[in-house]
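Data first, discussion second: the structure below is written as structure tokens.
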Amino acid sequence: MLGLSVRDFAKRIGISKSYLSDIETGKVEPPDRILRLISHTFGVSYEWLKEGKGEMWEGSDKPPPEDDYELAKWVVDRVIKISTELGIKLSLMEIYEIAKLVSQEIKKERERQKQPEEVRDKIEEAIKFWRE
């Protein structure tokens, strides 16, 4: 779902591939520290990880951040999430270019004193346009 190999996922949160496999298969109950690390690193809701309740992705209902760097991360995360949901595999370059286009559109909306509406629709349109 995140486009990472098991090895890369484990590496990003500082655990071994075999330990991650034990967590996935239910051999080991993940400690709270690991769940919080996954939540923080990948933007997955802690409540969803712990209890299976609520939205999987944190901040899915929040507006885009104001800070340019945070906006870029926010858009990239959503491009990856939405393209995965659409079943479209994008290269890193495609993710970057789509995120750049969407970020520019969001900034233009802000310049017009409007809050960006339907950000998901804009991302879907950009992904589909990019693939045409």
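Chain labels A, B, ... are given in the sequence in which chains occur in the structure tokens; within each chain residues are numbered consecutively from 1, and ligands are likewise numbered from 1 in the order shown.
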
Check your understanding: What's the 12 Å shell around Leu37 of chain A, counting only C-alpha atoms, without same-chain residues fewer than 2 positions away, as a PyMOL selection string?
Key -> chain A and resi 9-15+30-35+39-46+49

Exercise for review: Determine the nearest neighbour of Val76 of chain A from the options A:Met56, A:Ala99, A:Leu4, A:Ile88, counting only C-alpha atoms.
Suggested key: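 Residue with the minimum atom-to-atom distance to Val76 of chain A: A:Ala99.
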
For segment 26-101 of chain A against segment 119-132 of chain A, with a cut-off of 8 Å and counting only C-alpha atoms, what is the closest atom pair and its distance in Å to one decimal for every residue that makes the cut, ordered by chain and number, as CSV?
```
residue,atom,partner,partner_atom,distance
A:Arg78,CA,A:Ile123,CA,7.7
A:Val79,CA,A:Ile123,CA,6.3
A:Ile82,CA,A:Glu124,CA,7.0
A:Ser83,CA,A:Ile127,CA,7.1
A:Glu94,CA,A:Trp130,CA,7.9
A:Ile98,CA,A:Ala126,CA,6.1
A:Ala99,CA,A:Ile123,CA,8.0
A:Leu101,CA,A:Ala126,CA,7.5
```

Review point. DSSP on the backbone: what in chain A comes out alpha helix (DSSP H), as a PyMOL selection string?
Key: chain A and resi 6-13+17-24+32-42+46-51+68-85+92-111+119-131

Practice item. For atom CA of Asp22 of chain A and atom CA of Lys53 of chain A, quote the distance in Å rounded to one decimal. Key: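 Interatomic distance, atom CA of Asp22 of chain A to atom CA of Lys53 of chain A: 22.5 Å.
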